[in-house]
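*Asks:* model_34.csv is reproduced in full below (CSV, C-alpha atoms).
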```csv
chain,number,residue,atom,x,y,z
A,1,MET,CA,80.6,53.3,97.4
A,2,ASP,CA,81.8,55.6,94.6
A,3,VAL,CA,81.8,53.6,91.3
A,4,GLY,CA,83.5,55.7,88.6
A,5,ALA,CA,85.3,57.8,91.2
A,6,HIS,CA,87.4,59.7,88.6
A,7,ARG,CA,89.7,62.0,90.6
A,8,GLY,CA,87.8,61.6,93.8
A,9,ALA,CA,85.7,64.7,94.2
A,10,PHE,CA,82.7,62.7,95.4
A,11,SER,CA,84.9,60.3,97.4
A,12,LEU,CA,86.3,63.1,99.4
A,13,LEU,CA,82.9,64.6,100.1
A,14,ALA,CA,81.7,61.1,101.1
A,15,SER,CA,84.7,60.7,103.3
A,16,HIS,CA,83.8,63.8,105.3
A,17,ALA,CA,80.1,62.8,105.3
A,18,VAL,CA,80.6,59.3,106.8
A,19,GLY,CA,83.0,60.6,109.5
A,20,PRO,CA,86.0,58.9,111.0
A,21,HIS,CA,84.2,55.7,111.7
A,22,GLY,CA,82.7,55.4,108.2
A,23,ARG,CA,84.4,54.0,105.1
A,24,VAL,CA,84.3,54.9,101.4
A,25,VAL,CA,85.2,52.5,98.6
A,26,ALA,CA,86.3,54.4,95.5
A,27,ILE,CA,86.3,52.3,92.3
A,28,GLU,CA,88.2,53.8,89.3
A,29,PRO,CA,89.8,51.9,86.4
A,30,SER,CA,91.9,54.7,84.8
A,31,PRO,CA,95.5,54.5,86.1
A,32,GLN,CA,95.8,58.3,85.9
A,33,PHE,CA,92.6,59.0,87.7
A,34,HIS,CA,93.3,56.3,90.3
A,35,ASN,CA,96.6,57.9,91.0
A,36,ASP,CA,95.0,61.3,91.2
A,37,LEU,CA,92.4,59.9,93.6
A,38,THR,CA,94.9,58.3,96.0
A,39,ALA,CA,97.0,61.4,95.9
A,40,ALA,CA,94.0,63.6,96.8
A,41,ALA,CA,93.1,61.3,99.6
A,42,THR,CA,96.6,61.5,101.0
A,43,ALA,CA,96.9,65.2,100.6
A,44,ASN,CA,93.6,65.7,102.5
A,45,HIS,CA,94.5,63.1,105.2
A,46,ARG,CA,91.5,61.0,104.3
A,47,THR,CA,92.4,57.6,105.7
A,48,ASN,CA,88.9,56.2,105.4
A,49,ILE,CA,89.0,55.8,101.6
A,50,ARG,CA,89.8,52.5,100.0
A,51,ALA,CA,90.7,52.9,96.3
A,52,VAL,CA,90.2,50.1,93.9
A,53,ARG,CA,91.6,50.2,90.4
A,54,SER,CA,89.2,48.3,88.3
A,55,ALA,CA,86.2,48.8,86.0
A,56,ALA,CA,82.8,47.7,87.3
A,57,ALA,CA,81.5,45.1,84.9
A,58,ASP,CA,79.6,41.8,84.8
A,59,ALA,CA,82.6,39.6,84.5
A,60,HIS,CA,86.4,39.4,85.2
A,61,GLY,CA,88.5,40.4,82.2
A,62,THR,CA,89.9,43.4,80.4
A,63,LEU,CA,88.2,46.3,78.8
A,64,THR,CA,89.4,49.0,76.4
A,65,LEU,CA,88.5,52.6,77.4
A,66,TYR,CA,88.5,55.5,75.0
A,67,LEU,CA,89.0,59.2,75.5
A,68,GLU,CA,87.7,61.4,72.6
A,69,ASP,CA,88.3,64.9,74.0
A,70,PRO,CA,91.3,65.6,76.2
A,71,ALA,CA,89.5,68.7,77.5
A,72,ASN,CA,86.7,66.4,78.9
A,73,LEU,CA,88.6,63.8,80.9
A,74,GLY,CA,85.4,62.8,82.7
A,75,HIS,CA,84.0,61.3,79.5
A,76,THR,CA,86.2,58.2,79.3
A,77,THR,CA,84.0,55.4,78.0
A,78,ALA,CA,84.0,51.8,76.7
A,79,VAL,CA,82.0,52.9,73.7
A,80,GLN,CA,84.5,53.7,70.9
A,81,PRO,CA,83.9,57.3,69.6
A,82,ARG,CA,84.4,58.5,66.1
A,83,HIS,CA,87.7,60.2,67.0
A,84,VAL,CA,89.9,58.5,69.5
A,85,HIS,CA,92.4,60.7,71.4
A,86,THR,CA,93.6,58.0,73.7
A,87,ALA,CA,92.8,54.3,74.3
A,88,PHE,CA,94.0,52.0,77.1
A,89,ASP,CA,93.1,48.7,78.6
A,90,VAL,CA,91.8,48.2,82.2
A,91,PRO,CA,90.9,45.2,84.3
A,92,THR,CA,87.2,44.5,84.9
A,93,ALA,CA,85.4,42.7,87.7
A,94,PRO,CA,81.8,42.4,89.0
A,95,LEU,CA,81.0,45.0,91.7
A,96,ALA,CA,80.0,42.2,94.1
A,97,ASP,CA,83.5,40.9,93.8
A,98,LEU,CA,85.3,44.3,94.3
A,99,VAL,CA,83.8,44.9,97.7
A,100,SER,CA,83.6,42.7,100.8
A,101,ARG,CA,80.5,41.2,102.3
A,102,ALA,CA,81.0,43.5,105.3
A,103,GLU,CA,81.3,46.6,103.0
A,104,LEU,CA,78.1,45.6,101.2
A,105,ALA,CA,76.2,45.1,104.5
A,106,THR,CA,77.1,48.6,105.7
A,107,THR,CA,76.8,50.6,102.5
A,108,ARG,CA,74.3,53.4,102.6
A,109,VAL,CA,74.8,54.9,99.1
A,110,ILE,CA,76.2,53.5,95.9
A,111,LYS,CA,77.0,56.2,93.4
A,112,ILE,CA,77.5,54.9,89.8
A,113,ASP,CA,78.8,57.1,87.0
A,114,VAL,CA,80.4,54.9,84.4
A,115,GLU,CA,79.7,56.7,81.1
A,116,GLY,CA,77.5,54.1,79.4
A,117,ALA,CA,78.5,51.0,81.3
A,118,GLU,CA,75.7,51.2,83.8
A,119,ALA,CA,73.9,48.0,82.7
A,120,ALA,CA,77.1,45.9,83.1
A,121,ALA,CA,77.9,47.5,86.5
A,122,ILE,CA,74.4,46.6,87.7
A,123,ARG,CA,74.6,43.1,86.5
A,124,GLY,CA,77.8,42.7,88.4
A,125,LEU,CA,76.2,44.1,91.6
A,126,LEU,CA,73.1,41.8,91.5
A,127,PRO,CA,74.6,39.0,93.7
A,128,GLY,CA,75.3,41.6,96.3
A,129,LEU,CA,71.9,43.4,96.4
A,130,SER,CA,70.5,41.0,99.0
A,131,HIS,CA,73.3,41.8,101.4
A,132,LEU,CA,72.6,45.6,101.4
A,133,ARG,CA,71.0,47.2,104.3
A,134,ASP,CA,67.3,48.1,103.9
A,135,ASP,CA,67.9,51.8,103.5
A,136,ALA,CA,70.7,51.5,100.9
A,137,GLU,CA,70.1,53.6,97.8
A,138,LEU,CA,71.8,53.7,94.4
A,139,VAL,CA,72.4,57.0,92.7
A,140,MET,CA,73.2,56.4,89.0
A,141,GLU,CA,73.7,58.5,85.9
A,142,VAL,CA,72.1,56.7,83.0
A,143,THR,CA,73.1,57.5,79.4
A,144,PRO,CA,70.6,56.1,77.0
A,145,ARG,CA,72.6,57.0,73.9
A,146,LEU,CA,75.7,55.1,75.0
A,147,LEU,CA,73.6,52.2,76.4
A,148,ALA,CA,71.9,51.8,73.0
A,149,LYS,CA,75.2,51.5,71.2
A,150,GLN,CA,75.9,48.4,73.3
A,151,GLY,CA,72.4,46.8,72.9
A,152,GLU,CA,71.4,47.9,76.4
A,153,SER,CA,68.7,50.3,77.6
A,154,ALA,CA,67.7,52.4,80.6
A,155,ALA,CA,64.4,50.5,80.7
A,156,ASP,CA,66.3,47.2,81.2
A,157,ILE,CA,68.2,48.7,84.1
A,158,ILE,CA,65.1,50.1,85.7
A,159,ASP,CA,63.2,46.8,85.3
A,160,THR,CA,66.1,44.8,86.7
A,161,LEU,CA,66.4,46.9,89.8
A,162,ARG,CA,62.6,47.1,90.2
A,163,GLY,CA,62.5,43.3,90.1
A,164,HIS,CA,64.9,43.4,93.1
A,165,GLY,CA,62.7,45.8,95.1
A,166,PHE,CA,64.2,49.1,94.1
A,167,HIS,CA,61.9,52.0,92.9
A,168,PRO,CA,63.3,54.6,90.5
A,169,TYR,CA,63.3,58.3,91.2
A,170,THR,CA,64.6,61.2,89.1
A,171,LEU,CA,67.2,63.4,90.6
A,172,THR,CA,67.1,67.0,89.3
A,173,ASN,CA,70.2,67.8,87.3
A,174,ASP,CA,70.3,70.0,84.2
A,175,TYR,CA,74.1,69.4,83.8
A,176,ASP,CA,74.8,73.1,83.8
A,177,PRO,CA,77.6,73.8,86.3
A,178,ALA,CA,76.4,77.4,86.7
A,179,THR,CA,73.3,76.0,88.5
A,180,TYR,CA,75.0,73.7,90.9
A,181,PRO,CA,75.6,76.2,93.7
A,182,ARG,CA,71.9,77.0,93.8
A,183,ALA,CA,71.0,73.3,93.6
A,184,MET,CA,73.3,72.6,96.6
A,185,ARG,CA,71.8,75.4,98.6
A,186,ARG,CA,68.2,74.3,97.8
A,187,PRO,CA,68.3,70.7,96.7
A,188,GLN,CA,65.1,69.2,95.2
A,189,PRO,CA,63.9,65.8,96.5
A,190,PRO,CA,64.1,63.0,93.9
A,191,ILE,CA,60.6,62.4,92.5
A,192,ARG,CA,59.2,59.1,91.3
A,193,CYS,CA,60.3,58.2,87.7
A,194,ASN,CA,57.2,57.3,85.7
A,195,GLU,CA,58.8,57.4,82.2
A,196,THR,CA,62.0,55.8,80.9
A,197,PRO,CA,64.6,58.5,80.5
A,198,LYS,CA,65.4,59.3,76.9
A,199,HIS,CA,68.4,61.5,77.7
A,200,MET,CA,71.2,61.5,80.2
A,201,THR,CA,69.5,61.5,83.6
A,202,ASP,CA,70.4,61.0,87.2
A,203,LEU,CA,68.3,58.3,88.9
A,204,VAL,CA,68.0,57.3,92.5
A,205,PHE,CA,66.9,53.7,93.3
A,206,SER,CA,65.4,53.1,96.7
A,207,ARG,CA,63.4,50.4,98.4
A,208,THR,CA,61.2,53.2,99.7
A,209,ASN,CA,57.9,53.3,97.7
A,210,THR,CA,56.6,56.9,97.7
A,211,ASP,CA,56.0,59.9,95.4
A,212,HIS,CA,59.3,61.5,96.4
A,213,LEU,CA,62.2,60.7,98.6
A,214,THR,CA,62.8,62.7,101.8
A,215,LEU,CA,66.0,64.7,101.9
A,216,GLY,CA,68.4,64.3,104.8
A,217,ARG,CA,67.5,60.8,105.7
```
Take the structure in this file and express it as structure tokens.

*Replies:*
Amino acid sequence: MDVGAHRGAFSLLASHAVGPHGRVVAIEPSPQFHNDLTAAATANHRTNIRAVRSAAADAHGTLTLYLEDPANLGHTTAVQPRHVHTAFDVPTAPLADLVSRAELATTRVIKIDVEGAEAAAIRGLLPGLSHLRDDAELVMEVTPRLLAKQGESAADIIDTLRGHGFHPYTLTNDYDPATYPRAMRRPQPPIRCNETPKHMTDLVFSRTNTDHLTLGR
């Protein structure tokens, strides 16, 4: 499940990873990115991707998204920046309503990258957590600065998921694209998160309770 799929880079990788008998649900609210995603899936003959045009939230409704810098299309957020380049409205729905019970029951990884809307996305997923398989894991980028502007916090997200049996781990990412090839060749296992992140951080939530997660499971 790719929540905040953007133009589909991770969805395409996941499509190959799950194979012809697996499925990918790609959730992306931006009309432009949704169209780019579906076009990429078609061009790459990826028939196992189901694209959903909606924002993952904690309720059904409408949300205004803002783009501050047209050179950074990935940073489209519900938190209004000081300078707005573009603004547009998108539909919202809880994650548990955007996917079927069967999809929840077979999901291995839920990736969430929603530029500050992580808390609402998790609240919308809570009714579906009990339907996930035992080895399901959530991979989430948390952005404390944007969360704080909405009266949310990374600590609340961690506490909420911990209360549902998921332990937090830190996934190494210095957000420098120059280091990504090396990280892909020699990935580091996620290590137990013992302190609440103060800066943008990638977290893995797993029901496994250990010092670090094993790669390649």

*Asks:* How many Å lie between CA of His45 in chain A and CA of Pro20 in chain A, rounded to one decimal?

*Replies:*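 Atom-to-atom, CA of His45 in chain A and CA of Pro20 in chain A are spaced 11.1 Å apart.
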
*Asks:* With 12 Å as the cut-off and only C-alpha atoms counted, what is the closest atom pair between each nearby residue of range 18-89 of chain A and range 136-155 of chain A? Distances in Å to one decimal, ordered by chain and number, as a tab-separated table.

*Replies:*
```
residue	atom	partner	partner_atom	distance
A:His75	CA	A:Leu146	CA	11.3
A:Thr76	CA	A:Leu146	CA	11.8
A:Thr77	CA	A:Leu146	CA	8.8
A:Ala78	CA	A:Leu146	CA	9.1
A:Val79	CA	A:Leu146	CA	6.8
A:Gln80	CA	A:Lys149	CA	9.6
A:Pro81	CA	A:Leu146	CA	10.1
```

*Asks:* What is the distance, in Å and to one decimal place, between CA of Thr196 in chain A and CA of Gly116 in chain A?

*Replies:*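 Distance between the two atoms: 15.7 Å.
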
*Asks:* Between A:Pro189, A:Gly124, A:Pro168, A:Gly8, which residue has the minimum interatomic distance to Ala26 in chain A, considering all atoms listed in the file?

*Replies:* A:Gly8

*Asks:* I need the residue nearest Ser100 in chain A from this list: A:Arg123, A:Gly163, A:Arg50, A:Arg186. Use all atoms listed in the file for the distance.

*Replies:*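 Looking only at the distances to Ser100 in chain A, the closest residue turns out to be A:Arg50.
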
*Asks:* For CA of His60 in chain A and CA of Asp156 in chain A, quote the distance in Å rounded to one decimal.

*Replies:*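 One can read the CA of His60 in chain A to CA of Asp156 in chain A distance as 21.9 Å.
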
*Asks:* Using only C-alpha atoms, which residue out of A:Val204, A:Leu132, A:Leu37, A:Leu63 lies closest to Arg7 in chain A?

*Replies:*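 Closest candidate: A:Leu37.
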
*Asks:* Looking at all atoms listed in the file, which of A:Leu67, A:Thr210, A:Arg46, A:His85 is the one that sits closest to Glu115 in chain A?

*Replies:*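 Comparing A:Leu67, A:Thr210, A:Arg46, A:His85 against Glu115 in chain A, the winner is A:Leu67.
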
*Asks:* Using all atoms listed in the file for the distances, tell me which of A:Thr62, A:Arg185, A:Ala40, A:Ala57 is nearest to Leu126 in chain A.

*Replies:* A:Ala57

*Asks:* From the set A:Met1, A:Ala178, A:Cys193, A:Ala56, which residue has the shortest atom-to-atom contact distance to Arg23 in chain A, counting only C-alpha atoms?

*Replies:*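 Checking each of A:Met1, A:Ala178, A:Cys193, A:Ala56 against Arg23 in chain A, counting only C-alpha atoms, the winner is A:Met1.
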
*Asks:* Excluding Gly128 in chain A and residues on its chain fewer than 4 positions from it, collect all residues at most 9 Å away from it, counting all atoms listed in the file, and give them as a list in words.

*Replies:*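 Everything that qualifies: Leu95, Ala96, Asp97, Arg101, Leu104, Ala105, Gly124 and Leu132 of chain A.
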
*Asks:* At a cut-off of 8 Å, using all atoms listed in the file, what residues contact Val24 in chain A? Leave out same-chain residues fewer than 5 positions from it and give the result as a VMD selection string.

*Replies:* chain A and resid 1 to 2 11 14 to 15 18 48 to 50

*Asks:* Assuming the input is short of atoms at range 130-146 of chain A, produce N, CA, C and O atoms for that part as a compact mmCIF listing (two decimals), in the coordinates of the input.

*Replies:*
```txt
# COMPACT_ATOMS: atom_id res chain seq x y z
N SER A 130 71.14 41.55 97.86
CA SER A 130 70.50 41.00 99.00
C SER A 130 71.24 41.23 100.32
O SER A 130 70.68 41.09 101.42
N HIS A 131 72.51 41.59 100.19
CA HIS A 131 73.30 41.80 101.40
C HIS A 131 73.30 43.28 101.82
O HIS A 131 73.84 43.62 102.88
N LEU A 132 72.69 44.16 101.01
CA LEU A 132 72.60 45.60 101.40
C LEU A 132 71.67 45.82 102.50
O LEU A 132 70.68 45.11 102.66
N ARG A 133 71.92 46.85 103.26
CA ARG A 133 71.00 47.20 104.30
C ARG A 133 69.69 47.73 103.68
O ARG A 133 69.66 48.13 102.51
N ASP A 134 68.61 47.75 104.46
CA ASP A 134 67.30 48.10 103.90
C ASP A 134 67.21 49.47 103.35
O ASP A 134 66.45 49.71 102.41
N ASP A 135 67.97 50.42 103.93
CA ASP A 135 67.90 51.80 103.50
C ASP A 135 68.96 52.16 102.46
O ASP A 135 69.14 53.34 102.12
N ALA A 136 69.67 51.18 101.93
CA ALA A 136 70.70 51.50 100.90
C ALA A 136 70.04 51.98 99.65
O ALA A 136 68.97 51.51 99.24
N GLU A 137 70.67 52.97 99.03
CA GLU A 137 70.10 53.60 97.80
C GLU A 137 71.25 53.66 96.76
O GLU A 137 72.43 53.84 97.09
N LEU A 138 70.85 53.54 95.50
CA LEU A 138 71.80 53.70 94.40
C LEU A 138 71.51 54.99 93.68
O LEU A 138 70.35 55.32 93.39
N VAL A 139 72.55 55.74 93.41
CA VAL A 139 72.40 57.00 92.70
C VAL A 139 73.24 56.79 91.38
O VAL A 139 74.45 56.55 91.42
N MET A 140 72.55 56.86 90.25
CA MET A 140 73.20 56.40 89.00
C MET A 140 72.89 57.42 87.87
O MET A 140 71.75 57.85 87.68
N GLU A 141 73.92 57.76 87.12
CA GLU A 141 73.70 58.50 85.90
C GLU A 141 73.52 57.47 84.76
O GLU A 141 74.39 56.63 84.52
N VAL A 142 72.37 57.54 84.10
CA VAL A 142 72.10 56.70 83.00
C VAL A 142 72.25 57.47 81.67
O VAL A 142 71.78 58.61 81.58
N THR A 143 72.90 56.86 80.67
CA THR A 143 73.10 57.50 79.40
C THR A 143 72.53 56.69 78.29
O THR A 143 73.19 55.79 77.74
N PRO A 144 71.25 56.90 77.94
CA PRO A 144 70.60 56.10 77.00
C PRO A 144 71.29 55.92 75.63
O PRO A 144 71.30 54.84 75.03
N ARG A 145 71.89 57.02 75.17
CA ARG A 145 72.60 57.00 73.90
C ARG A 145 73.72 55.98 73.87
O ARG A 145 73.88 55.18 72.94
N LEU A 146 74.53 56.01 74.91
CA LEU A 146 75.70 55.10 75.00
C LEU A 146 75.20 53.66 75.29
O LEU A 146 75.79 52.70 74.79
```
